[in-house]
Amino acid sequence: MCGYDLRNQPQRRRRLSWVDVLLVLAVLAVLVFWWRVGTESSREVGNDNVAQGILPTTIPFLDATPTPTVTPTPEPTSTPPPVQSETVLVKHVVESGETLGSIAIQYNVTVDAIQQANGLADELIRIGDELTIPIVRENVASSAVGPASNFTYTVEEGDTLISISLKFGSSVEDIQVANNLAANALIRPGDTLTIPVQGVPPEAMQPTPAPTVPIQAGAPEPTAAIYAEPRLISPPDGATIARTDAVLLQWASVGVLQPNEWYVVQLLERSPGARPLSTAWTKQTSYRLGAELAPAEEQLAEYDWLISVVRVNPSTDGQLYLTAASPPSEIRRFIWR
């Protein structure tokens, strides 16, 4: 009414009060709270997803490469040589007071074995009877005492595998194997056999023939001198010898041997501590067993020994024929301990 323009009135500046400040801070606090709650929720969801992704059943395990371990190489053990049993036949002359039972005990065999080897129907024996005693011994394979040399032999009247093995230092089993003979095979005069013998020196395989005409293949040897059986001198029968000493076997000469004639020394083990010893061929009238062949300490070795004379003749077909030049000697025994 007075004409004053109320539209252009100057406005007054409003001042902020502490209430306004508190209100603003409260709003900001609410916003910050909700932002933090939402962020943590998303983290938990993410963590759950990650945890689901790396559960133990889903973790790919790498196969561990084992560290190679060095296995110590065991020390080589020596394989004992295979054990073979063989029957060696020896000669025994019945003396006063002896019976088949006492002889069987002496040689550690059975009465039945002696009866079968000699074709006896009962136990009746007489002084002076000559018996064949089949001694079964355990022997290592032939490689332990050296390879055998093969000779040819023509069976004579009265020969058996037992007597042939006793003449030449072979064994019944070796002769059967060499000739593919069955255990109950029969041999006849004129049959030709291969006789494997161990301990033969190389010079015996290339003999200088005696002053006789070489025999034809398969023909019997011409008549030649037969020596008396060798007479044993020492050691005496049943002698005991210290294991630190050598054993010297001695016998009397049967005469002057021809270049193709040899003494054959046979050694038969009679106790577990006795090591197998090869048959030996020699021109001498003695044979030495070194102390290195003695049994181990606290053990004993019991041996039977005998001597025979053999003759080797070449034939026109290049084979070497073997014949007995003497009967076998008596059998003696010694103990090495």
# chains A, B, ... in the order shown; residues from 1 in each chain; ligands from 1
call {"tool": "select_by_dssp", "arguments": {"residues": "range 170-283 of chain A", "states": "strand (DSSP E or B)", "output": "MDAnalysis selection string"}}
result
chainID A and resid 192:198 215 232:234 239:241 247:251 261:269 280:282
call {"tool": "write_last_selection", "arguments": {"atoms": "C-alpha atoms", "output": "PDB file, in the first residue's frame"}}
result
ATOM      1  CA  THR A 192      82.359-153.263 -25.472  1.00  0.00           C
ATOM      2  CA  LEU A 193      81.885-150.742 -22.670  1.00  0.00           C
ATOM      3  CA  THR A 194      82.971-147.163 -22.089  1.00  0.00           C
ATOM      4  CA  ILE A 195      84.713-146.849 -18.719  1.00  0.00           C
ATOM      5  CA  PRO A 196      84.896-143.296 -17.285  1.00  0.00           C
ATOM      6  CA  VAL A 197      87.856-142.891 -14.899  1.00  0.00           C
ATOM      7  CA  GLN A 198      88.940-139.784 -13.009  1.00  0.00           C
ATOM      8  CA  ILE A 215      94.708-154.816 -31.311  1.00  0.00           C
ATOM      9  CA  LEU A 232     100.087-152.593   0.856  1.00  0.00           C
ATOM     10  CA  ILE A 233     102.794-151.381   3.253  1.00  0.00           C
ATOM     11  CA  SER A 234     101.674-148.243   5.093  1.00  0.00           C
ATOM     12  CA  ALA A 239      95.854-146.041  11.556  1.00  0.00           C
ATOM     13  CA  THR A 240      94.947-142.623  12.963  1.00  0.00           C
ATOM     14  CA  ILE A 241      96.822-139.648  11.488  1.00  0.00           C
ATOM     15  CA  VAL A 247      99.234-139.114   4.593  1.00  0.00           C
ATOM     16  CA  LEU A 248     101.745-141.222   2.657  1.00  0.00           C
ATOM     17  CA  LEU A 249     100.279-144.333   1.062  1.00  0.00           C
ATOM     18  CA  GLN A 250     102.910-146.936   0.227  1.00  0.00           C
ATOM     19  CA  TRP A 251     102.829-150.379  -1.420  1.00  0.00           C
ATOM     20  CA  GLU A 261     100.901-149.640 -17.305  1.00  0.00           C
ATOM     21  CA  TRP A 262      99.903-147.658 -14.217  1.00  0.00           C
ATOM     22  CA  TYR A 263      99.174-148.095 -10.540  1.00  0.00           C
ATOM     23  CA  VAL A 264      95.646-146.896  -9.753  1.00  0.00           C
ATOM     24  CA  VAL A 265      95.056-145.525  -6.239  1.00  0.00           C
ATOM     25  CA  GLN A 266      91.425-145.634  -5.125  1.00  0.00           C
ATOM     26  CA  LEU A 267      90.262-143.635  -2.101  1.00  0.00           C
ATOM     27  CA  LEU A 268      86.764-144.222  -0.747  1.00  0.00           C
ATOM     28  CA  GLU A 269      85.173-141.825   1.758  1.00  0.00           C
ATOM     29  CA  ALA A 280      94.992-141.289  -8.883  1.00  0.00           C
ATOM     30  CA  TRP A 281      97.270-142.872 -11.509  1.00  0.00           C
ATOM     31  CA  THR A 282     100.974-143.109 -10.786  1.00  0.00           C
TER      32      THR A 282
END
call {"tool": "residues_around", "arguments": {"residues": "Asp191 in chain A", "least_positions_apart": "6", "cutoff": "9 Å", "atoms": "only C-alpha atoms", "output": "PyMOL selection string"}}
result
chain A and resi 153-156+218
call {"tool": "atom_distance", "arguments": {"atom1": "CA of Glu229 in chain A", "atom2": "CA of Pro327 in chain A"}}
result
4.9 Å
call {"tool": "closest_residue", "arguments": {"among": "A:Ser286, A:Thr152, A:Ser253, A:Ser278", "to": "Tyr227 in chain A", "atoms": "only C-alpha atoms"}}
result
A:Ser253
call {"tool": "select_by_dssp", "arguments": {"residues": "range 170-303 of chain A", "states": "helix (DSSP H, G or I)", "output": "PyMOL selection string"}}
result
chain A and resi 172-179+202-205+291-293
call {"tool": "residues_around", "arguments": {"residues": "Pro272 in chain A", "least_positions_apart": "2", "cutoff": "10 Å", "atoms": "only C-alpha atoms", "output": "NGL selection string"}}
result
:A and (137-138 or 269-270 or 274-275 or 295 or 299-302)
